[in-house]
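Structure below is start-v2.txt: compact mmCIF, C-alpha atoms and all ligand atoms.
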```
# COMPACT_ATOMS: atom_id res chain seq x y z
CA MET A 1 172.51 89.79 79.69
CA LYS A 2 174.60 92.21 77.72
CA ASN A 3 176.90 93.79 80.36
CA TYR A 4 179.69 91.54 81.52
CA VAL A 5 183.38 90.80 81.41
CA ILE A 6 185.18 87.93 79.65
CA LYS A 7 188.62 86.94 80.95
CA GLY A 8 191.31 84.96 79.15
CA ASN A 9 194.06 85.23 76.53
CA ILE A 10 192.62 87.69 74.03
CA CYS A 11 193.67 87.78 70.35
CA TYR A 12 192.28 90.08 67.65
CA SER A 13 193.30 92.00 64.53
CA LYS A 14 193.55 95.76 64.22
CA THR A 15 194.91 95.68 60.66
CA ARG A 16 195.98 92.86 58.38
CA GLU A 17 199.50 93.22 59.76
CA GLU A 18 198.74 93.94 63.40
CA LEU A 19 197.58 91.09 65.60
CA CYS A 20 196.91 92.26 69.17
CA ILE A 21 197.36 89.88 72.07
CA THR A 22 196.48 90.56 75.70
CA GLU A 23 197.48 87.72 78.00
CA ASN A 24 195.19 87.14 80.99
CA GLY A 25 193.19 90.13 79.91
CA TYR A 26 189.62 91.36 80.12
CA ILE A 27 187.08 92.15 77.41
CA VAL A 28 184.33 94.42 78.70
CA CYS A 29 180.94 94.02 77.05
CA GLU A 30 178.45 96.88 77.42
CA GLY A 31 175.08 96.65 75.71
CA GLY A 32 176.36 93.89 73.43
CA ARG A 33 179.34 95.92 72.25
CA CYS A 34 182.97 95.78 73.13
CA ALA A 35 183.88 98.60 75.55
CA GLY A 36 187.57 97.80 75.57
CA VAL A 37 190.27 95.21 76.19
CA TYR A 38 192.29 95.63 79.43
CA GLU A 39 195.31 94.06 81.08
CA THR A 40 193.85 94.95 84.47
CA LEU A 41 190.14 95.47 84.94
CA PRO A 42 189.23 99.13 85.60
CA GLU A 43 187.48 99.64 88.94
CA GLU A 44 184.22 100.78 87.35
CA TYR A 45 183.73 97.32 85.82
CA GLU A 46 184.60 95.25 88.88
CA THR A 47 180.97 94.70 89.82
CA LEU A 48 180.06 93.26 86.40
CA PRO A 49 179.60 89.48 86.13
CA CYS A 50 182.72 87.79 84.79
CA TYR A 51 183.07 84.74 82.56
CA ASN A 52 186.52 83.58 83.59
CA TYR A 53 188.10 81.46 80.89
CA GLU A 54 191.47 81.42 82.67
CA ASP A 55 194.22 80.21 80.33
CA LYS A 56 191.96 79.64 77.32
CA ILE A 57 192.22 81.59 74.06
CA ILE A 58 189.54 84.08 73.03
CA ILE A 59 189.21 85.28 69.44
CA PRO A 60 186.53 87.23 67.54
CA GLY A 61 183.87 84.97 65.97
CA LEU A 62 184.78 83.83 62.48
CA VAL A 63 182.99 85.07 59.38
CA ASP A 64 182.08 82.82 56.46
CA LEU A 65 181.46 85.21 53.56
CA HIS A 66 180.27 82.52 51.15
CA VAL A 67 178.54 79.22 51.84
CA HIS A 68 175.73 77.22 50.16
CA ALA A 69 173.51 75.68 52.85
CA PRO A 70 171.71 73.17 50.55
CA GLN A 71 175.03 71.82 49.31
CA TYR A 72 176.14 70.74 52.81
CA ALA A 73 174.35 67.44 52.21
CA PHE A 74 176.80 66.38 49.48
CA ARG A 75 180.03 67.85 50.80
CA GLY A 76 183.05 65.67 50.15
CA MET A 77 181.44 64.01 47.13
CA GLY A 78 181.80 64.53 43.39
CA MET A 79 184.97 66.60 43.43
CA ASP A 80 186.44 65.35 40.16
CA LEU A 81 184.89 67.93 37.83
CA GLU A 82 185.35 71.59 36.99
CA LEU A 83 182.74 74.21 37.84
CA LEU A 84 180.21 74.00 34.99
CA ASP A 85 180.17 70.20 34.81
CA TRP A 86 180.12 69.98 38.61
CA LEU A 87 177.05 72.25 38.73
CA ASN A 88 175.18 70.19 36.12
CA THR A 89 176.21 66.77 37.38
CA HIS A 90 175.96 67.16 41.16
CA THR A 91 174.86 70.56 42.40
CA PHE A 92 171.65 71.28 40.52
CA VAL A 93 170.45 67.71 41.13
CA GLU A 94 170.93 68.14 44.89
CA GLU A 95 169.45 71.64 45.07
CA ALA A 96 166.29 70.47 43.26
CA LYS A 97 165.52 68.26 46.26
CA TYR A 98 164.68 71.36 48.34
CA ALA A 99 161.32 71.63 46.58
CA ASP A 100 160.46 68.89 49.09
CA LEU A 101 160.13 70.54 52.52
CA GLU A 102 160.57 67.25 54.36
CA TYR A 103 163.99 66.83 52.76
CA ALA A 104 164.81 70.50 53.40
CA GLU A 105 163.89 70.09 57.06
CA LYS A 106 166.27 67.16 57.54
CA ALA A 107 169.12 68.69 55.56
CA TYR A 108 168.87 72.18 57.07
CA ASP A 109 168.71 70.76 60.62
CA ILE A 110 172.10 69.18 60.01
CA PHE A 111 173.61 72.32 58.45
CA THR A 112 172.28 74.63 61.15
CA GLU A 113 173.40 72.43 64.04
CA ASP A 114 176.92 72.11 62.63
CA LEU A 115 177.17 75.84 61.93
CA LYS A 116 176.03 76.62 65.47
CA ASN A 117 178.73 74.38 66.95
CA SER A 118 181.47 75.77 64.71
CA ALA A 119 183.62 78.85 65.32
CA THR A 120 181.54 80.79 62.78
CA THR A 121 179.40 83.59 64.20
CA ARG A 122 178.37 85.33 60.94
CA ALA A 123 177.77 84.06 57.43
CA CYS A 124 176.54 84.99 53.96
CA ILE A 125 174.49 82.01 52.90
CA PHE A 126 172.96 80.85 49.61
CA GLY A 127 169.70 78.86 49.76
CA THR A 128 167.98 77.51 46.65
CA ILE A 129 165.34 78.93 44.29
CA HIS A 130 162.64 77.60 46.64
CA THR A 131 160.92 80.25 48.77
CA GLU A 132 159.51 77.94 51.44
CA ALA A 133 162.70 75.95 51.94
CA THR A 134 164.71 79.17 52.18
CA LEU A 135 162.33 80.54 54.83
CA LEU A 136 162.72 77.26 56.71
CA LEU A 137 166.49 77.66 56.62
CA MET A 138 166.16 81.23 57.94
CA GLU A 139 163.83 80.05 60.72
CA LYS A 140 166.31 77.43 61.86
CA LEU A 141 169.24 79.83 61.73
CA GLU A 142 167.27 82.47 63.63
CA GLU A 143 166.88 80.03 66.53
CA THR A 144 170.65 79.51 66.84
CA GLY A 145 171.34 83.17 67.68
CA LEU A 146 173.93 83.41 64.92
CA LYS A 147 173.70 86.39 62.56
CA ALA A 148 173.55 85.82 58.83
CA TYR A 149 172.45 87.01 55.45
CA VAL A 150 170.48 84.37 53.58
CA GLY A 151 169.49 84.50 49.92
CA LYS A 152 166.76 82.83 47.93
CA VAL A 153 168.60 82.02 44.72
CA ASN A 154 167.47 83.46 41.38
CA MET A 155 168.05 81.53 38.15
CA ASP A 156 165.94 81.72 34.98
CA ARG A 157 168.20 80.47 32.17
CA ASN A 158 170.80 77.85 31.26
CA SER A 159 169.57 75.67 34.10
CA PRO A 160 167.88 72.26 33.98
CA LYS A 161 164.08 72.38 33.80
CA TYR A 162 163.79 70.95 37.30
CA LEU A 163 165.78 73.88 38.78
CA CYS A 164 164.87 76.84 36.61
CA GLU A 165 162.40 79.59 37.38
CA GLU A 166 159.66 80.10 34.78
CA ASN A 167 160.75 83.61 33.75
CA ALA A 168 162.20 86.82 35.17
CA GLU A 169 158.82 88.18 36.22
CA LYS A 170 157.93 85.08 38.25
CA SER A 171 161.41 84.89 39.78
CA VAL A 172 161.18 88.48 41.02
CA LYS A 173 157.58 88.09 42.20
CA ASP A 174 158.62 85.07 44.29
CA THR A 175 161.62 87.01 45.57
CA GLU A 176 159.46 89.93 46.70
CA GLU A 177 157.09 87.57 48.50
CA TRP A 178 160.06 85.93 50.18
CA LEU A 179 161.36 89.37 51.22
CA MET A 180 158.02 90.22 52.84
CA LYS A 181 157.95 86.93 54.73
CA SER A 182 161.53 87.27 55.92
CA GLN A 183 160.79 90.52 57.73
CA ARG A 184 159.88 88.48 60.80
CA PHE A 185 163.50 87.52 61.48
CA LYS A 186 165.75 89.54 63.74
CA ASN A 187 169.16 87.88 63.38
CA ILE A 188 168.76 86.67 59.82
CA LYS A 189 168.52 89.20 57.00
CA PRO A 190 167.74 88.67 53.31
CA VAL A 191 170.32 89.21 50.58
CA LEU A 192 169.54 89.25 46.85
CA THR A 193 171.19 86.24 45.28
CA PRO A 194 171.34 86.05 41.49
CA ARG A 195 173.25 82.75 41.22
CA PHE A 196 175.73 84.00 38.60
CA THR A 197 175.42 85.75 35.24
CA PRO A 198 175.13 82.52 33.17
CA SER A 199 171.94 81.55 35.04
CA CYS A 200 170.28 85.00 35.01
CA THR A 201 168.72 86.74 31.99
CA ASP A 202 169.30 90.46 31.50
CA GLU A 203 165.65 91.01 32.34
CA LEU A 204 166.02 89.16 35.64
CA LEU A 205 169.09 91.18 36.66
CA GLU A 206 167.34 94.40 35.70
CA ARG A 207 164.26 93.53 37.76
CA LEU A 208 166.38 92.43 40.73
CA SER A 209 168.16 95.76 40.54
CA GLY A 210 164.73 97.36 40.94
CA LEU A 211 164.16 95.35 44.13
CA GLN A 212 167.64 96.21 45.35
CA LYS A 213 166.90 99.92 45.05
CA LYS A 214 163.38 99.66 46.43
CA TYR A 215 164.42 97.80 49.59
CA GLN A 216 168.11 98.82 49.87
CA LEU A 217 169.23 95.21 49.86
CA PRO A 218 172.73 93.75 49.74
CA VAL A 219 173.66 91.39 46.89
CA GLN A 220 175.78 88.23 46.73
CA SER A 221 176.90 86.26 43.68
CA HIS A 222 179.84 84.58 41.95
CA LEU A 223 182.55 86.24 39.85
CA SER A 224 185.48 85.13 37.64
CA GLU A 225 185.80 81.71 39.24
CA ASN A 226 186.60 79.48 36.26
CA LEU A 227 188.05 80.14 32.79
CA GLY A 228 185.24 78.35 30.92
CA GLU A 229 182.68 80.31 32.92
CA ILE A 230 184.39 83.61 32.06
CA ASP A 231 184.42 82.79 28.32
CA TRP A 232 180.74 81.91 28.53
CA VAL A 233 179.89 85.25 30.17
CA LYS A 234 181.76 87.03 27.36
CA GLU A 235 179.48 85.29 24.85
CA LEU A 236 176.34 85.89 26.89
CA CYS A 237 177.03 89.57 27.51
CA PRO A 238 178.39 91.17 24.34
CA GLY A 239 179.62 94.69 24.93
CA THR A 240 180.83 94.14 28.50
CA ALA A 241 184.55 94.67 29.06
CA CYS A 242 184.72 92.18 31.93
CA TYR A 243 182.50 89.75 33.88
CA GLY A 244 182.07 92.26 36.71
CA GLU A 245 180.39 94.62 34.28
CA SER A 246 177.55 92.13 33.79
CA TYR A 247 176.51 92.98 37.39
CA ASP A 248 177.69 96.56 37.38
CA ARG A 249 175.51 97.56 34.43
CA TYR A 250 172.53 96.81 36.67
CA ASP A 251 174.06 98.65 39.66
CA MET A 252 174.63 95.44 41.58
CA PHE A 253 178.36 95.77 42.09
CA GLY A 254 179.17 97.74 45.21
CA ASN A 255 178.81 101.53 45.66
CA ASN A 256 175.28 101.98 47.05
CA CYS A 257 174.68 98.26 46.81
CA PRO A 258 176.71 96.32 49.43
CA THR A 259 178.00 93.36 47.44
CA VAL A 260 179.89 90.13 48.09
CA MET A 261 181.40 88.42 45.06
CA ALA A 262 182.78 84.93 45.60
CA HIS A 263 186.09 83.83 44.08
CA CYS A 264 187.62 86.54 41.80
CA VAL A 265 190.30 84.01 40.85
CA HIS A 266 190.83 85.29 37.31
CA SER A 267 189.72 88.92 37.55
CA PRO A 268 191.36 91.18 34.94
CA GLU A 269 192.81 94.55 35.99
CA LYS A 270 189.71 96.43 34.92
CA GLU A 271 187.53 94.26 37.15
CA ILE A 272 189.94 94.61 40.07
CA GLU A 273 189.92 98.39 39.71
CA MET A 274 186.13 98.42 39.66
CA MET A 275 185.92 96.25 42.77
CA GLN A 276 188.42 98.45 44.55
CA ARG A 277 186.71 101.70 43.59
CA GLN A 278 183.21 100.43 44.36
CA LYS A 279 184.18 98.63 47.55
CA VAL A 280 182.97 95.21 46.49
CA PHE A 281 183.71 92.50 49.08
CA ILE A 282 185.64 89.51 47.77
CA ALA A 283 184.91 86.12 49.35
CA HIS A 284 188.11 84.16 48.88
CA CYS A 285 187.29 80.44 48.84
CA PRO A 286 190.60 78.59 48.58
CA GLU A 287 189.42 75.03 49.19
CA SER A 288 186.67 75.34 46.60
CA ASN A 289 189.11 76.82 44.09
CA ALA A 290 191.45 73.86 44.60
CA ASN A 291 188.73 71.19 44.47
CA LEU A 292 187.16 72.46 41.25
CA SER A 293 190.61 73.17 39.70
CA SER A 294 189.56 76.80 39.41
CA GLY A 295 192.95 78.26 40.34
CA VAL A 296 194.26 80.47 43.15
CA ALA A 297 193.11 84.07 43.56
CA PRO A 298 195.88 86.69 43.96
CA VAL A 299 194.65 87.60 47.43
CA LYS A 300 197.82 89.28 48.67
CA LYS A 301 197.48 91.72 45.77
CA TYR A 302 193.89 92.48 46.82
CA LEU A 303 194.98 93.05 50.42
CA GLU A 304 197.83 95.31 49.38
CA LYS A 305 195.35 97.45 47.46
CA ASP A 306 193.27 97.67 50.67
CA MET A 307 190.36 95.95 48.97
CA LYS A 308 187.64 94.32 51.05
CA VAL A 309 188.48 90.63 51.42
CA GLY A 310 187.09 87.87 53.62
CA LEU A 311 187.09 84.08 53.55
CA GLY A 312 184.39 81.69 52.36
CA THR A 313 184.08 77.95 52.81
CA ASP A 314 181.91 77.66 49.67
CA ILE A 315 180.36 74.38 50.76
CA ALA A 316 180.11 72.04 48.82
CA ALA A 317 182.79 73.00 46.33
CA GLY A 318 184.69 73.40 49.59
CA SER A 319 184.28 70.29 51.76
CA SER A 320 184.71 71.86 55.19
CA LEU A 321 182.44 74.26 57.07
CA SER A 322 185.43 75.31 59.18
CA VAL A 323 186.72 78.84 58.60
CA LEU A 324 189.85 77.81 60.53
CA LYS A 325 190.48 75.28 57.79
CA ALA A 326 189.83 77.96 55.15
CA MET A 327 192.53 80.10 56.81
CA VAL A 328 195.07 77.29 56.58
CA THR A 329 194.13 76.41 52.99
CA ALA A 330 194.38 80.08 52.00
CA VAL A 331 197.96 80.21 53.28
CA GLN A 332 198.90 76.91 51.64
CA CYS A 333 197.41 77.77 48.25
CA SER A 334 199.04 81.22 48.28
CA LYS A 335 202.43 79.57 48.86
CA LEU A 336 201.98 77.19 45.93
CA ARG A 337 200.78 80.04 43.71
CA TRP A 338 203.88 82.04 44.62
CA ARG A 339 206.34 79.15 44.23
CA LEU A 340 204.93 77.63 41.06
CA TYR A 341 203.30 80.44 39.16
CA ASP A 342 203.85 84.07 40.08
CA GLN A 343 206.66 85.37 42.29
CA SER A 344 205.25 88.91 42.10
CA VAL A 345 202.40 88.03 44.49
CA LEU A 346 203.74 86.99 47.88
CA PRO A 347 202.21 84.25 50.06
CA LEU A 348 199.67 85.17 52.74
CA THR A 349 200.75 85.32 56.38
CA MET A 350 198.88 83.87 59.36
CA GLU A 351 198.17 87.44 60.51
CA GLU A 352 196.56 88.18 57.15
CA VAL A 353 194.29 85.14 57.04
CA PHE A 354 193.28 85.75 60.68
CA PHE A 355 192.37 89.30 59.68
CA MET A 356 190.38 88.10 56.65
CA ALA A 357 188.48 85.53 58.74
CA THR A 358 187.53 88.12 61.37
CA LYS A 359 187.67 91.86 60.72
CA GLY A 360 188.02 91.60 56.92
CA GLY A 361 184.83 89.62 56.32
CA GLY A 362 183.21 91.08 59.44
CA GLU A 363 183.12 94.54 57.90
CA PHE A 364 180.32 93.38 55.60
CA PHE A 365 178.17 93.13 58.77
CA GLY A 366 179.20 96.52 60.18
CA LYS A 367 181.50 96.89 63.19
CA VAL A 368 182.13 93.17 63.46
CA GLY A 369 185.19 90.94 63.74
CA SER A 370 187.39 92.71 66.28
CA PHE A 371 187.50 93.53 70.00
CA GLU A 372 188.23 97.19 69.40
CA GLU A 373 185.91 99.61 71.16
CA GLY A 374 182.43 99.81 69.63
CA TYR A 375 182.57 96.45 67.87
CA GLU A 376 179.61 94.10 68.27
CA LEU A 377 180.84 91.43 70.63
CA ASP A 378 181.25 88.15 68.75
CA ALA A 379 183.69 85.84 70.52
CA VAL A 380 184.81 82.22 70.46
CA VAL A 381 186.69 80.63 73.37
CA PHE A 382 189.13 77.82 72.55
CA ASP A 383 190.46 75.23 74.96
CA ASP A 384 193.67 74.03 73.32
CA SER A 385 194.86 72.14 76.40
CA LYS A 386 193.84 68.79 74.91
CA ILE A 387 196.05 69.35 71.88
CA LYS A 388 199.08 68.15 73.77
CA HIS A 389 202.65 69.41 73.48
CA PRO A 390 205.79 69.11 75.63
CA GLN A 391 207.19 72.65 75.45
CA THR A 392 206.33 76.11 76.73
CA LEU A 393 204.40 78.11 74.14
CA SER A 394 203.55 81.79 73.87
CA VAL A 395 199.93 82.77 73.30
CA LYS A 396 200.78 83.73 69.73
CA GLU A 397 202.31 80.31 69.10
CA ARG A 398 199.27 78.68 70.65
CA LEU A 399 196.94 80.73 68.44
CA LYS A 400 198.81 79.76 65.27
CA ARG A 401 198.88 76.10 66.29
CA LEU A 402 195.21 76.21 67.13
CA ILE A 403 194.33 77.55 63.67
CA TYR A 404 195.94 74.43 62.17
CA LEU A 405 194.88 71.88 64.77
CA ALA A 406 191.64 72.89 66.50
CA ASP A 407 188.08 71.99 65.53
CA GLU A 408 184.66 72.45 67.10
CA ARG A 409 185.53 70.00 69.89
CA ASN A 410 187.97 72.57 71.25
CA ILE A 411 185.38 75.33 71.52
CA THR A 412 184.29 76.13 75.09
CA ALA A 413 181.98 79.07 74.48
CA LYS A 414 180.56 81.24 71.74
CA PHE A 415 179.04 84.74 71.88
CA VAL A 416 177.29 86.66 69.09
CA ASP A 417 176.41 90.34 69.36
CA GLY A 418 176.90 90.08 73.11
CA GLN A 419 174.56 87.08 73.50
CA VAL A 420 175.74 83.69 74.74
CA ILE A 421 175.17 81.06 72.03
CA PHE A 422 176.58 78.27 74.20
CA ARG A 423 179.10 77.89 76.98
CA GLU A 424 180.51 75.14 79.12
CA ASN A 425 180.97 77.36 82.15
N1 LIG B 501 178.78 79.40 40.40
C1 LIG B 501 177.44 79.32 40.26
N2 LIG B 501 176.89 78.52 41.17
C2 LIG B 501 177.90 78.07 41.93
C3 LIG B 501 177.96 77.20 43.06
O1 LIG B 501 176.96 76.66 43.55
N3 LIG B 501 179.20 76.99 43.59
C4 LIG B 501 180.31 77.55 43.06
N4 LIG B 501 181.49 77.30 43.63
N5 LIG B 501 180.29 78.36 42.01
C5 LIG B 501 179.09 78.62 41.45
FE FE B 502 179.64 79.37 45.66
```
Since I need it in another form, could you write the structure as structure tokens?
Ligand code: GUN
Ligand code: FE
Amino acid sequence: MKNYVIKGNICYSKTREELCITENGYIVCEGGRCAGVYETLPEEYETLPCYNYEDKIIIPGLVDLHVHAPQYAFRGMGMDLELLDWLNTHTFVEEAKYADLEYAEKAYDIFTEDLKNSATTRACIFGTIHTEATLLLMEKLEETGLKAYVGKVNMDRNSPKYLCEENAEKSVKDTEEWLMKSQRFKNIKPVLTPRFTPSCTDELLERLSGLQKKYQLPVQSHLSENLGEIDWVKELCPGTACYGESYDRYDMFGNNCPTVMAHCVHSPEKEIEMMQRQKVFIAHCPESNANLSSGVAPVKKYLEKDMKVGLGTDIAAGSSLSVLKAMVTAVQCSKLRWRLYDQSVLPLTMEEVFFMATKGGGEFFGKVGSFEEGYELDAVVFDDSKIKHPQTLSVKERLKRLIYLADERNITAKFVDGQVIFREN
């Protein structure tokens, strides 16, 4: 059913500064898209079925622009290293296990179930280098009704033997086979996923660029996360003026190639300008950046330049799959950055992180992340009544409190692209 009305306290972003709230309002869904938000229901819609959520709070579904599904199994463990040592000590060892489909089945069941029950409705997801395990992940996600991009990871250098593709040719051949097999999915779409420049030869990036052009695919990867990583890329790619150029020289950095780059913690001006000009999406992953001592990205600066910015949980460098938690961590880290390091970049506001978690990241999926007319209807209904308090609160106060205090146990219903994912009533 794609024509109906949802009633409740409706909160959504129009811009990063403008949070719209309609108390006891109505969202009209027509053909899976939002036809408008109303204080009183227009007569023409009165005959539509109505999900009445009374005093509950309704927000657009949250978008996780960067998450590693295979790493969910070791979240919360091995956080005492920086990026490159963390990858070699913990991450590659865990990801190698997905050559075993029995292990992948167990692990991806857990990830998929938790993602389904979370407030996330859309995600950009990394798999592993393994074609079959990645297809299994896509299959499981497809069944949830959530919408996501999923990538089979490419890596053909500087990786341990047990998690390194034979050569560029084989990596791209496997990728093309995986692309063909993933055509059967409706909700889950493939995204090219060169892990990051240190693990991809020039030949691999060049061949992937060929696939990108042939099939018009989006790309996701990592950028300027850690200082040691950035120095390494300089050595690996002589002649490039910045890390971003190592992707851009193969046309996988925005423009005609929709691109999400995770982190951008230490991007130099030249890289920032390129991302801005070429409309590269930045996945800001504050918890990951704290855990791996990477730093804090100057996100307010990116927002002020009207760059494309969303939030990522970056499991398992981030420990939590909750985008609500990412919103809170983003605010907290931005305050510390401002206080301790750089007073020229102001802290993020709650309005800004709400925008990033919804409409900001949602734009990568099209008209997603808002209840403005024409947006695909992704919604999450929160029951905050069990988070007790003694005073009278406005809806805006309740929303802000909920971002800090709510978890999946407070979710009453979830809709993606107009479809019910689950609901209590
Ligand atoms: N850079 C390359 N691979 C990874 C990864 O798995 N996680 C993070 N945070 N950064 C990376
Ligand atoms: Fe990552």
> Counting only C-alpha atoms and all ligand atoms, what residues are within 9 Å of ligand LIG 501 (chain B), given as a ChimeraX atom specification?
Replying inline: /A:67-68,71,83-84,86-87,91-92,126,195-199,221-223,225-226,229,262-263,285,288-289,292,314-318
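Among the candidates A:Asp417, A:Glu132, A:Asp342, A:Asp100, the one nearest to Gly31 in chain A when counting only C-alpha atoms is A:Asp417.
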> Which of these, A:Ser224, A:Ser13, A:Ser182, A:Asn187, has the shortest distance to ligand FE 502 (chain B) once you count only C-alpha atoms and all ligand atoms?
Replying inline: A:Ser224
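Considering the residues A:Ser334, A:Thr313, A:Asn3, A:Ser209 and counting only C-alpha atoms, Arg33 in chain A has its shortest atom-to-atom contact with A:Asn3.
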> Which residue, A:Leu115, A:Val260, A:Leu101, A:Met275, has the smallest gap to ligand FE 502 (chain B) when you use all atoms listed in the file?
Replying inline: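 Ranked by minimum distance to ligand FE 502 (chain B), first place goes to A:Val260.
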Write out as an mmCIF file with C-alpha atoms, in the coordinates of the input the residues lying within 7 Å of Ile129 in chain A, counting all atoms listed in the file and excluding same-chain residues fewer than 4 positions away.
```
data_model
loop_
_atom_site.group_PDB
_atom_site.id
_atom_site.type_symbol
_atom_site.label_atom_id
_atom_site.label_comp_id
_atom_site.auth_asym_id
_atom_site.auth_seq_id
_atom_site.Cartn_x
_atom_site.Cartn_y
_atom_site.Cartn_z
ATOM 1 C CA LYS A 152 166.760 82.830 47.930
ATOM 2 C CA VAL A 153 168.600 82.020 44.720
ATOM 3 C CA ASN A 154 167.470 83.460 41.380
#
```
